[in-house]
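Engineer: This is the content of run-v3.csv (CSV, C-alpha atoms):
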```
chain,number,residue,atom,x,y,z
A,278,MET,CA,18.1,51.3,-60.0
A,279,ALA,CA,21.4,50.5,-58.3
A,280,VAL,CA,21.9,46.9,-57.2
A,281,THR,CA,22.2,46.8,-53.4
A,282,ARG,CA,21.9,44.3,-50.6
A,283,GLU,CA,18.3,45.5,-50.2
A,284,THR,CA,17.4,44.8,-53.8
A,285,LEU,CA,19.3,41.5,-54.1
A,286,LEU,CA,18.4,40.0,-50.7
A,287,GLN,CA,14.9,40.3,-49.2
A,288,ILE,CA,15.1,37.0,-47.3
A,289,GLY,CA,11.7,35.8,-46.2
A,290,ARG,CA,12.4,32.1,-45.9
A,291,ILE,CA,15.5,30.2,-44.8
A,292,TYR,CA,15.5,26.5,-45.7
A,293,ALA,CA,17.8,25.0,-43.2
A,294,GLU,CA,19.3,21.6,-42.4
A,295,GLN,CA,19.3,21.0,-38.6
A,296,ALA,CA,23.0,20.3,-38.7
A,297,ALA,CA,23.6,23.8,-40.1
A,298,LEU,CA,21.4,25.4,-37.4
A,299,ASP,CA,23.4,23.7,-34.7
A,300,LEU,CA,26.7,25.4,-35.9
A,301,PRO,CA,27.7,28.9,-34.8
A,302,ARG,CA,27.8,30.2,-38.4
A,303,GLY,CA,24.3,28.9,-39.1
A,304,ARG,CA,23.0,30.7,-36.0
A,305,GLU,CA,24.8,33.9,-37.0
A,306,ILE,CA,23.1,33.9,-40.4
A,307,VAL,CA,19.6,33.2,-39.0
A,308,ALA,CA,20.1,36.2,-36.6
A,309,ARG,CA,20.7,38.5,-39.6
A,310,TRP,CA,17.1,37.9,-40.8
A,311,PRO,CA,15.2,37.5,-37.5
A,312,ASP,CA,11.8,37.9,-39.3
A,313,ALA,CA,12.4,35.1,-41.9
A,314,ASP,CA,10.5,31.9,-41.6
A,315,ILE,CA,12.7,28.9,-40.9
A,316,VAL,CA,11.8,25.9,-43.1
A,317,PRO,CA,13.4,22.6,-42.0
A,318,VAL,CA,14.8,20.5,-44.8
A,319,ASP,CA,16.6,17.2,-44.8
A,320,SER,CA,19.1,18.2,-47.6
A,321,HIS,CA,20.1,21.4,-49.2
A,322,TRP,CA,20.2,19.5,-52.5
A,323,ARG,CA,16.6,18.3,-52.4
A,324,ILE,CA,14.2,21.1,-51.9
A,325,PRO,CA,11.4,20.5,-54.5
A,326,GLU,CA,9.9,24.1,-54.3
A,327,LEU,CA,13.3,25.5,-55.2
A,328,HIS,CA,15.1,22.9,-57.3
A,329,GLY,CA,14.0,20.9,-60.3
A,330,ASP,CA,10.4,22.1,-60.6
A,331,GLU,CA,9.7,23.7,-64.0
A,332,ARG,CA,6.9,25.7,-62.4
A,333,ASN,CA,9.6,27.8,-60.8
A,334,VAL,CA,10.7,29.3,-64.1
A,335,ALA,CA,8.3,32.2,-63.8
A,336,ARG,CA,9.6,32.9,-60.3
A,337,TRP,CA,13.3,32.8,-61.2
A,338,THR,CA,14.4,36.1,-59.7
A,339,ARG,CA,11.9,36.2,-56.9
A,340,ILE,CA,13.2,32.9,-55.5
A,341,LYS,CA,16.8,34.3,-55.7
A,342,THR,CA,15.6,37.4,-53.8
A,343,GLU,CA,13.5,35.8,-51.0
A,344,ALA,CA,15.0,32.4,-50.4
A,345,LEU,CA,18.2,31.4,-48.6
A,346,VAL,CA,19.4,27.9,-47.9
A,347,LEU,CA,21.6,26.8,-45.0
A,348,GLY,CA,23.4,23.5,-45.3
A,349,VAL,CA,26.5,21.5,-44.3
A,350,LYS,CA,29.0,20.7,-47.0
A,351,LYS,CA,29.4,16.9,-46.9
A,352,SER,CA,32.4,16.6,-49.2
A,353,VAL,CA,35.2,18.9,-48.2
A,354,ALA,CA,38.0,18.5,-50.8
A,355,THR,CA,40.4,20.5,-52.9
A,356,ARG,CA,41.0,19.6,-56.5
A,357,LEU,CA,43.5,20.5,-59.2
A,358,ASN,CA,42.5,23.2,-61.8
A,359,GLY,CA,45.4,24.8,-63.7
A,360,ARG,CA,43.5,27.4,-65.6
A,361,SER,CA,42.1,30.2,-63.4
A,362,ALA,CA,43.8,28.8,-60.3
A,363,ASP,CA,46.1,26.0,-59.3
A,364,PHE,CA,43.4,24.5,-57.1
A,365,ILE,CA,39.6,24.7,-56.7
A,366,ALA,CA,39.0,25.1,-53.0
A,367,PRO,CA,35.9,23.5,-51.4
A,368,SER,CA,33.0,26.0,-51.9
A,369,ALA,CA,31.7,27.8,-48.9
A,370,SER,CA,28.4,28.4,-50.8
A,371,ASN,CA,26.5,27.3,-53.8
A,372,GLY,CA,24.2,29.4,-56.0
A,373,CYS,CA,23.8,33.1,-56.5
A,374,ALA,CA,21.4,36.0,-55.8
A,375,MET,CA,22.2,37.5,-59.2
A,376,ALA,CA,20.7,36.2,-62.5
A,377,CYS,CA,23.1,36.0,-65.4
A,378,ALA,CA,21.3,34.3,-68.2
A,379,TYR,CA,24.4,32.1,-69.2
A,380,CYS,CA,25.3,31.0,-65.6
A,381,TYR,CA,26.4,27.4,-65.5
A,382,VAL,CA,25.5,26.8,-61.8
A,383,PRO,CA,21.7,26.3,-62.4
A,384,ARG,CA,22.6,23.5,-64.8
A,385,ARG,CA,24.1,21.6,-61.9
A,386,LYS,CA,21.5,22.1,-59.2
A,387,GLY,CA,18.4,23.0,-61.1
A,388,TYR,CA,16.4,26.2,-62.0
A,389,SER,CA,16.8,29.4,-60.0
A,390,ASN,CA,19.3,28.1,-57.4
A,391,PRO,CA,19.3,30.7,-54.7
A,392,VAL,CA,22.3,31.0,-52.4
A,393,THR,CA,23.1,28.1,-50.2
A,394,VAL,CA,25.6,28.9,-47.4
A,395,PHE,CA,27.5,26.1,-45.8
A,396,ALA,CA,27.7,26.6,-42.1
A,397,ASN,CA,30.7,24.2,-41.5
A,398,ILE,CA,33.1,26.9,-42.4
A,399,GLU,CA,35.5,25.9,-39.7
A,400,GLN,CA,35.9,22.5,-41.2
A,401,ILE,CA,36.5,24.0,-44.6
A,402,HIS,CA,39.0,26.4,-43.1
A,403,ARG,CA,41.0,23.6,-41.4
A,404,HIS,CA,41.0,21.6,-44.6
A,405,LEU,CA,42.5,24.5,-46.6
A,406,ALA,CA,45.1,25.3,-44.0
A,407,ARG,CA,46.3,21.7,-44.1
A,408,HIS,CA,46.3,21.7,-47.9
A,409,ILE,CA,48.2,24.9,-48.2
A,410,ALA,CA,50.8,23.7,-45.7
A,411,ALA,CA,51.2,20.4,-47.6
A,412,GLN,CA,52.1,22.2,-50.8
A,413,GLY,CA,55.1,24.1,-49.4
A,414,PRO,CA,56.5,27.0,-51.4
A,415,LYS,CA,55.7,27.4,-55.1
A,416,THR,CA,59.1,26.7,-56.8
A,417,GLU,CA,58.1,27.1,-60.5
A,418,PRO,CA,56.0,30.0,-61.9
A,419,ASN,CA,53.0,29.2,-64.1
A,420,GLN,CA,50.2,31.2,-65.7
A,421,CYS,CA,48.1,31.1,-62.4
A,422,ASP,CA,50.8,33.0,-60.5
A,423,PRO,CA,54.6,33.3,-60.6
A,424,ASP,CA,55.1,32.9,-56.8
A,425,SER,CA,52.0,31.6,-55.0
A,426,TRP,CA,49.6,28.7,-55.1
A,427,VAL,CA,46.3,30.1,-56.2
A,428,TYR,CA,43.0,28.7,-54.8
A,429,ASP,CA,39.7,29.6,-56.3
A,430,ILE,CA,37.3,30.0,-53.4
A,431,GLY,CA,34.2,31.0,-55.4
A,432,GLU,CA,33.6,28.4,-58.1
A,433,ASN,CA,29.9,27.9,-57.5
A,434,GLY,CA,28.7,31.4,-56.5
A,435,ASP,CA,29.7,35.1,-56.2
A,436,CYS,CA,31.8,35.8,-53.1
A,437,SER,CA,31.1,39.5,-53.1
A,438,VAL,CA,27.4,38.7,-52.6
A,439,ASP,CA,28.1,35.9,-50.2
A,440,ALA,CA,30.0,38.4,-48.0
A,441,MET,CA,26.7,40.2,-47.4
A,442,ILE,CA,25.2,37.0,-46.0
A,443,SER,CA,27.9,35.6,-43.7
A,444,ASP,CA,31.6,35.9,-42.7
A,445,ASN,CA,32.5,32.8,-44.7
A,446,VAL,CA,34.4,34.7,-47.4
A,447,ARG,CA,36.2,37.0,-45.0
A,448,ASP,CA,37.3,34.0,-42.9
A,449,LEU,CA,38.8,32.4,-46.0
A,450,CYS,CA,40.5,35.7,-47.1
A,451,ASP,CA,41.9,36.0,-43.6
A,452,LEU,CA,43.4,32.6,-43.8
A,453,PHE,CA,45.2,33.5,-47.1
A,454,ARG,CA,46.4,36.8,-45.7
A,455,MET,CA,48.4,34.7,-43.2
A,456,SER,CA,49.6,32.2,-45.9
A,457,PRO,CA,52.7,33.5,-47.6
A,458,SER,CA,52.8,30.7,-50.1
A,459,ALA,CA,49.1,30.9,-51.3
A,460,LYS,CA,46.5,33.3,-52.6
A,461,ALA,CA,42.7,33.2,-52.7
A,462,SER,CA,40.9,34.1,-55.9
A,463,PHE,CA,37.3,34.6,-57.0
A,464,ALA,CA,35.4,36.2,-59.8
A,465,THR,CA,32.6,38.7,-59.2
A,466,LYS,CA,30.0,40.8,-61.0
A,467,PHE,CA,29.0,42.7,-57.8
A,468,VAL,CA,30.9,45.7,-56.3
A,469,ASN,CA,30.7,45.2,-52.5
A,470,PRO,CA,32.4,48.2,-50.8
A,471,ASP,CA,32.6,46.3,-47.5
A,472,LEU,CA,35.5,44.3,-48.9
A,473,LEU,CA,37.6,47.4,-49.1
A,474,ASP,CA,38.1,47.3,-45.4
A,475,TRP,CA,39.4,43.8,-45.2
A,476,ASP,CA,43.2,44.4,-45.7
A,477,PRO,CA,44.0,41.3,-47.7
A,478,ALA,CA,47.7,42.4,-48.0
A,479,GLY,CA,47.8,41.2,-51.6
A,480,ARG,CA,47.0,37.6,-50.7
A,481,SER,CA,43.5,37.7,-52.3
A,482,ARG,CA,42.8,38.2,-56.0
A,483,ILE,CA,39.4,39.6,-57.0
A,484,ARG,CA,38.5,39.2,-60.7
A,485,PHE,CA,35.9,41.6,-62.0
A,486,SER,CA,34.0,40.0,-64.9
A,487,LEU,CA,33.5,42.5,-67.7
A,488,MET,CA,31.8,42.5,-71.1
A,489,PRO,CA,30.4,45.2,-73.4
A,490,HIS,CA,27.8,47.4,-71.8
A,491,GLU,CA,24.9,46.7,-74.2
A,492,THR,CA,25.4,43.0,-74.0
A,493,ALA,CA,25.6,43.0,-70.2
A,494,ARG,CA,22.3,45.0,-70.0
A,495,VAL,CA,20.6,42.0,-71.6
A,496,THR,CA,22.4,39.0,-70.0
A,497,ASP,CA,23.8,40.2,-66.6
A,498,LEU,CA,20.7,40.8,-64.5
A,499,ARG,CA,20.8,42.0,-60.9
A,500,THR,CA,24.6,42.7,-61.2
A,501,SER,CA,26.6,45.9,-60.8
A,502,PRO,CA,26.8,48.0,-64.0
A,503,ILE,CA,30.0,47.4,-66.0
A,504,ALA,CA,31.1,51.0,-65.5
A,505,GLU,CA,30.9,50.5,-61.7
A,506,ARG,CA,33.0,47.3,-61.9
A,507,ILE,CA,35.7,49.1,-63.9
A,508,ARG,CA,35.9,52.0,-61.5
A,509,ALA,CA,36.1,49.5,-58.6
A,510,VAL,CA,39.4,48.1,-59.9
A,511,ASN,CA,41.2,51.2,-58.8
A,512,ASP,CA,39.6,51.2,-55.3
A,513,PHE,CA,40.4,47.6,-54.7
A,514,VAL,CA,44.0,47.9,-55.8
A,515,GLU,CA,44.4,50.8,-53.4
A,516,ALA,CA,42.8,48.7,-50.6
A,517,GLY,CA,45.4,45.9,-50.9
A,518,TRP,CA,43.7,43.5,-53.3
A,519,GLU,CA,45.3,42.0,-56.3
A,520,VAL,CA,42.8,42.8,-59.1
A,521,HIS,CA,42.4,41.0,-62.4
A,522,VAL,CA,39.6,41.1,-64.9
A,523,ASN,CA,37.7,38.3,-66.6
A,524,PHE,CA,36.6,39.1,-70.2
A,525,SER,CA,33.8,36.6,-69.9
A,526,PRO,CA,31.7,35.4,-71.5
A,527,VAL,CA,32.6,36.6,-74.9
A,528,ILE,CA,29.3,36.5,-76.9
A,529,LEU,CA,29.5,36.8,-80.7
A,530,THR,CA,27.0,39.4,-81.6
A,531,PRO,CA,27.1,41.2,-85.0
A,532,THR,CA,29.1,44.1,-83.5
A,533,TRP,CA,31.1,42.1,-80.9
A,534,LEU,CA,34.6,43.1,-81.8
A,535,ARG,CA,33.8,46.8,-82.1
A,536,ASP,CA,31.9,46.6,-78.7
A,537,TRP,CA,34.9,45.0,-77.0
A,538,ALA,CA,37.2,47.7,-78.5
A,539,ASP,CA,35.0,50.4,-77.0
A,540,LEU,CA,35.1,48.6,-73.6
A,541,PHE,CA,38.9,48.3,-73.7
A,542,ASP,CA,39.1,52.1,-74.4
A,543,GLN,CA,37.0,52.8,-71.3
A,544,ILE,CA,39.2,50.5,-69.2
A,545,ASP,CA,42.3,52.3,-70.4
A,546,ASP,CA,40.8,55.7,-69.7
A,547,VAL,CA,39.6,54.8,-66.1
A,548,LEU,CA,42.3,52.6,-64.6
A,549,THR,CA,45.2,54.3,-62.7
A,550,ASP,CA,48.8,53.5,-63.5
A,551,ARG,CA,49.0,51.4,-60.3
A,552,ALA,CA,46.0,49.3,-61.4
A,553,LYS,CA,47.4,48.9,-64.9
A,554,ALA,CA,50.8,47.8,-63.6
A,555,GLN,CA,49.3,44.7,-61.9
A,556,LEU,CA,46.5,43.9,-64.3
A,557,ALA,CA,46.0,40.5,-66.0
A,558,CYS,CA,43.0,38.9,-67.6
A,559,GLU,CA,41.2,35.7,-68.5
A,560,VAL,CA,39.3,35.4,-71.7
A,561,ILE,CA,36.5,32.9,-71.9
A,562,PHE,CA,34.1,32.5,-74.8
A,563,LEU,CA,30.5,31.6,-74.3
A,564,THR,CA,29.6,28.0,-73.5
A,565,HIS,CA,25.8,27.5,-73.4
A,566,ASN,CA,23.5,24.6,-72.7
A,567,GLN,CA,20.3,23.4,-74.4
A,568,ALA,CA,18.5,22.7,-71.2
A,569,LEU,CA,19.3,26.1,-69.8
A,570,HIS,CA,18.3,27.6,-73.2
A,571,GLU,CA,14.8,26.1,-72.8
A,572,VAL,CA,14.5,27.3,-69.2
A,573,ASN,CA,15.6,30.8,-70.2
A,574,LEU,CA,12.9,30.9,-72.8
A,575,GLY,CA,10.4,30.8,-69.9
A,576,TRP,CA,11.7,33.8,-68.0
A,577,HIS,CA,14.1,35.8,-70.2
A,578,PRO,CA,13.8,35.0,-73.9
A,579,LYS,CA,15.5,38.2,-75.0
A,580,ALA,CA,18.8,36.9,-73.6
A,581,GLU,CA,18.5,33.8,-75.7
A,582,GLU,CA,18.5,36.0,-78.9
A,583,LEU,CA,22.2,36.6,-78.0
A,584,LEU,CA,23.1,33.3,-76.4
A,585,TRP,CA,21.5,30.7,-78.6
A,586,ALA,CA,22.9,30.7,-82.2
A,587,PRO,CA,22.8,27.2,-83.6
A,588,ALA,CA,24.1,28.3,-87.0
A,589,ILE,CA,27.5,29.1,-85.4
A,590,GLN,CA,27.5,26.7,-82.4
A,591,GLU,CA,28.4,23.0,-82.1
A,592,PRO,CA,28.0,20.4,-79.3
A,593,LYS,CA,30.6,20.2,-76.6
A,594,ARG,CA,30.8,17.7,-73.7
A,595,SER,CA,32.1,19.4,-70.6
A,596,GLN,CA,34.5,17.9,-68.1
A,597,ASN,CA,31.6,17.0,-65.8
A,598,GLY,CA,29.8,15.2,-68.6
A,599,ALA,CA,27.2,17.9,-69.4
A,600,GLU,CA,26.2,18.3,-73.0
A,601,ASN,CA,26.8,22.0,-73.9
A,602,VAL,CA,27.3,24.1,-77.0
A,603,ARG,CA,30.2,26.4,-78.0
A,604,TYR,CA,31.1,28.4,-81.1
A,605,ARG,CA,32.1,26.3,-84.0
A,606,HIS,CA,35.7,25.7,-85.0
A,607,PRO,CA,37.4,27.5,-86.7
A,608,LEU,CA,35.1,30.5,-85.9
A,609,LYS,CA,36.0,30.3,-82.3
A,610,SER,CA,39.7,29.9,-82.9
A,611,ASP,CA,39.7,32.9,-85.2
A,612,SER,CA,37.7,34.9,-82.7
A,613,VAL,CA,40.0,34.1,-79.8
A,614,ALA,CA,42.9,35.3,-81.9
A,615,ALA,CA,41.1,38.5,-82.9
A,616,LEU,CA,40.2,39.4,-79.4
A,617,THR,CA,43.6,38.7,-77.9
A,618,THR,CA,45.2,40.7,-80.6
A,619,LEU,CA,42.9,43.6,-79.8
A,620,ILE,CA,43.8,43.3,-76.1
A,621,ARG,CA,47.5,43.5,-76.9
A,622,ARG,CA,46.8,46.6,-79.0
A,623,LYS,CA,44.4,48.4,-76.7
A,624,LEU,CA,45.7,47.2,-73.3
A,625,PRO,CA,49.3,46.3,-73.8
A,626,TYR,CA,50.0,46.2,-70.0
A,627,CYS,CA,47.3,43.6,-69.5
A,628,ARG,CA,48.7,40.1,-69.5
A,629,VAL,CA,46.4,37.5,-70.9
A,630,ARG,CA,46.7,34.6,-68.5
A,631,TYR,CA,44.7,32.3,-70.7
A,632,ALA,CA,42.1,32.5,-73.5
A,633,PHE,CA,39.7,29.8,-74.7
```
Just give me the structure of the file as structure tokens.
Structural biologist:
Amino acid sequence: MAVTRETLLQIGRIYAEQAALDLPRGREIVARWPDADIVPVDSHWRIPELHGDERNVARWTRIKTEALVLGVKKSVATRLNGRSADFIAPSASNGCAMACAYCYVPRRKGYSNPVTVFANIEQIHRHLARHIAAQGPKTEPNQCDPDSWVYDIGENGDCSVDAMISDNVRDLCDLFRMSPSAKASFATKFVNPDLLDWDPAGRSRIRFSLMPHETARVTDLRTSPIAERIRAVNDFVEAGWEVHVNFSPVILTPTWLRDWADLFDQIDDVLTDRAKAQLACEVIFLTHNQALHEVNLGWHPKAEELLWAPAIQEPKRSQNGAENVRYRHPLKSDSVAALTTLIRRKLPYCRVRYAF
């Protein structure tokens, strides 16, 4: 069954901070689901029936489908990145309606983590406008972009899905459309055709996350099929978007390199010359987490057959202090080299922005 707004979002309960309900964006969102029950909460971070309760494991996808949270973002700040983007913009949301088994966001907030939308978008917008102005023109090219400062606006969610809930994402893309020295950027696993009408004028970069079909069928639940994401690259380029791809996460299955070769062949067959001419990619190998592994065993153990491989994984402490696992060195180093070599051979026009 195709993944649509109707299958992803059947909102029956909106957990809302009063401060969010008092803002225009909060009222707009509530009006989109007039039959939903409004559940008052003191904090979008502390909702026991959504976050941190192990009994929610069996209701993982139902919570994502039926619950929406409205909050006010307390800390509005931009921070340096240097990998996918020059800067990480303050998130206009947190959480996701999709259910990728490896997603890092539930590790931070707990369990299913449905979408939280921040209603103080005007405050976020003003902050970003000031930050962009303070940078001035980009005078030295880097791997993020040769000419523009790049701001990731979707670190903690999927902006293509968020755009079905509110106008937050469109407001941000409109800001960057009017900012000649900066670009918005976000990764997505959902093809939202509404975005084709936005006219971003090349100032917003959408990054479609791709992986081999058979792996995605197990790990990427409630997402657009890989073939649909590939076809969408052409449509979005024609609509004025800059379109990159994320080869992410790379999961080392017994047939992984052959599967990626098949995927690259499909990409080469489907993409137009115009799409190919502007294409670049990011390559990110799987990082997993023991706590998430244990949670996944309660709702999607089949995915863990691919994700959890202690014989070839080792501990890794992330930048935020979390204890994760990644593929062992030198296996990972050799695998990164093998995949980037394959990209150069199969997709010679696709610049590898970074790989790790």
Engineer: Any idea what's packed within 7 Å of Lys593 (chain A), counting only C-alpha atoms, ignoring anything in its chain fewer than 3 positions away? Could you give it as a VMD selection string?
Structural biologist: chain A and resid 600 to 603
Engineer: For Ile315 (chain A), find every residue with an atom within 12 Å (counting all atoms listed in the file), except residues of its own chain fewer than 6 positions away, and show them as an NGL selection string.
Structural biologist: :A and (288-295 or 298 or 303-304 or 306-308 or 344-347)
Engineer: From the set A:Leu449, A:Ala504, A:Ala378, A:Ile340, which residue has the shortest atom-to-atom contact distance to Ala366 (chain A), counting only C-alpha atoms?
Structural biologist: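 Between A:Leu449, A:Ala504, A:Ala378, A:Ile340, the residue approaching Ala366 (chain A) most closely is A:Leu449.
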Engineer: Just the number, please: distance in Å from CA of Tyr379 (chain A) to CA of Ile544 (chain A), one decimal.
Structural biologist: 23.6 Å
Engineer: How close does each residue of region 406-498 of chain A get to region 533-536 of chain A, giving the shortest atom pair and distance in Å to one decimal for every residue with an atom at most 10 Å away, counting all atoms listed in the file, sorted by chain and residue number, as CSV?
Structural biologist:
```
residue,atom,partner,partner_atom,distance
A:Met488,CA,A:Asp536,CA,8.6
A:Pro489,CA,A:Asp536,CA,5.7
A:His490,CA,A:Asp536,CA,8.1
A:Glu491,CA,A:Asp536,CA,8.3
A:Thr492,CA,A:Asp536,CA,8.8
```
Engineer: Got a sec: who's within 12 Å of Asp476 (chain A), counting only C-alpha atoms, leaving out chain neighbours fewer than 6 positions off, as a PyMOL selection string?
Structural biologist: chain A and resi 447+450-455+513-519
Engineer: Pick from A:Pro526, A:Pro587, A:Pro470, A:Gly372: nearest to Gly431 (chain A), with all atoms listed in the file counted?
Structural biologist: A:Gly372
Engineer: Which of these, A:Ala406, A:Trp585, A:Arg484, A:Phe633, has the shortest distance to Thr530 (chain A) once you count all atoms listed in the file?
Structural biologist: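 For Thr530 (chain A), the nearest of the candidates is A:Trp585.
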Engineer: When you draw a straight line from CA of Asn390 (chain A) to CA of Thr500 (chain A), how long is it in Å?
Structural biologist: 16.0 Å
Engineer: So what do you get for CA of Ser525 (chain A) versus CA of Ala632 (chain A), distance-wise?
Structural biologist: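 So the two atoms, CA of Ser525 (chain A) and CA of Ala632 (chain A), lie 9.9 Å apart.
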Engineer: Return the single residue from A:Trp337, A:Trp576, A:Trp537, A:Tyr604 that is closest to Thr618 (chain A), with distances computed using only C-alpha atoms.
Structural biologist: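 Among the listed residues, the smallest separation from Thr618 (chain A) belongs to A:Trp537.
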Engineer: Please tabulate, as a tab-separated table, the residues of region 365-441 of chain A that come within 6 Å of region 458-467 of chain A, each with its closest pair of atoms and the distance in Å to one decimal, counting all atoms listed in the file and ordering rows by chain, then residue number upward.
Structural biologist:
```
residue	atom	partner	partner_atom	distance
A:Pro414	CA	A:Ser458	CA	5.4
A:Ser425	CA	A:Ala459	CA	4.8
A:Trp426	CA	A:Ala459	CA	4.4
A:Val427	CA	A:Lys460	CA	4.8
A:Tyr428	CA	A:Ala461	CA	5.0
A:Asp429	CA	A:Ser462	CA	4.7
A:Ile430	CA	A:Phe463	CA	5.8
A:Gly431	CA	A:Phe463	CA	5.0
A:Asp435	CA	A:Thr465	CA	5.5
```
Engineer: Output C-alpha atoms for every residue in the selection just made, as a PDB file, keeping the file's coordinate frame.
Structural biologist:
```pdb
ATOM      1  CA  PRO A 414      56.500  27.000 -51.400  1.00  0.00           C
ATOM      2  CA  SER A 425      52.000  31.600 -55.000  1.00  0.00           C
ATOM      3  CA  TRP A 426      49.600  28.700 -55.100  1.00  0.00           C
ATOM      4  CA  VAL A 427      46.300  30.100 -56.200  1.00  0.00           C
ATOM      5  CA  TYR A 428      43.000  28.700 -54.800  1.00  0.00           C
ATOM      6  CA  ASP A 429      39.700  29.600 -56.300  1.00  0.00           C
ATOM      7  CA  ILE A 430      37.300  30.000 -53.400  1.00  0.00           C
ATOM      8  CA  GLY A 431      34.200  31.000 -55.400  1.00  0.00           C
ATOM      9  CA  ASP A 435      29.700  35.100 -56.200  1.00  0.00           C
TER      10      ASP A 435
END
```
Engineer: List as a list in words: which residues have an atom within 9 Å of (34.5, 26.0, -79.7), counting only C-alpha atoms?
Structural biologist: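 Residues satisfying the cut-off, written out: Phe562, Leu563, Thr564, Gln590, Glu591, Pro592, Lys593, Val602, Arg603, Tyr604, Arg605, His606, Pro607, Leu608, Lys609, Ser610 and Phe633 of chain A.
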Engineer: Place a sphere of radius 6 Å on (43.6, 34.6, -69.5) in the file coordinates and name every protein, DNA or RNA residue with an atom inside or on its surface, counting all atoms listed in the file; give the answer as a PDB file with C-alpha atoms, in the frame of the given file.
Structural biologist:
```pdb
ATOM      1  CA  CYS A 558      43.000  38.900 -67.600  1.00  0.00           C
ATOM      2  CA  GLU A 559      41.200  35.700 -68.500  1.00  0.00           C
ATOM      3  CA  VAL A 560      39.300  35.400 -71.700  1.00  0.00           C
ATOM      4  CA  VAL A 629      46.400  37.500 -70.900  1.00  0.00           C
ATOM      5  CA  ARG A 630      46.700  34.600 -68.500  1.00  0.00           C
ATOM      6  CA  TYR A 631      44.700  32.300 -70.700  1.00  0.00           C
ATOM      7  CA  ALA A 632      42.100  32.500 -73.500  1.00  0.00           C
TER       8      ALA A 632
END
```
Engineer: For region 401-413 of chain A, I'd like the enclosing box, axis-aligned and padded by 4 Å on every side, reported as lines of an AutoDock Vina configuration file with centre and edge lengths in Å to one decimal.
Structural biologist:
```
center_x = 45.8
center_y = 23.4
center_z = -46.1
size_x = 26.6
size_y = 14.0
size_z = 17.4
```
Engineer: Mind checking which residues fall within 10 Å of Pro301 (chain A), counting only C-alpha atoms, ignoring those fewer than 6 positions away in the same chain, and posting them as number ranges by chain?
Structural biologist: A: 396-399
Engineer: Could you tell me which of A:Leu540, A:Asn445, A:Asn573, A:Pro457 comes closest to Leu487 (chain A) if we count only C-alpha atoms?
Structural biologist: A:Leu540
Engineer: Which residue is closest to Glu343 (chain A)? Choose from A:Arg282, A:Arg323, A:Arg360, A:Arg403 and count all atoms listed in the file.
Structural biologist: A:Arg282
Engineer: Neighbouring residues of Pro578 (chain A) were defined as those with any atom within 12 Å, considering only C-alpha atoms; residues of the same chain fewer than 5 positions away were excluded. Please report them as JSON, numbers by chain.
Structural biologist: {"A": [334, 335, 378, 379, 495, 496, 569, 570, 571, 572, 573, 583, 584, 585]}
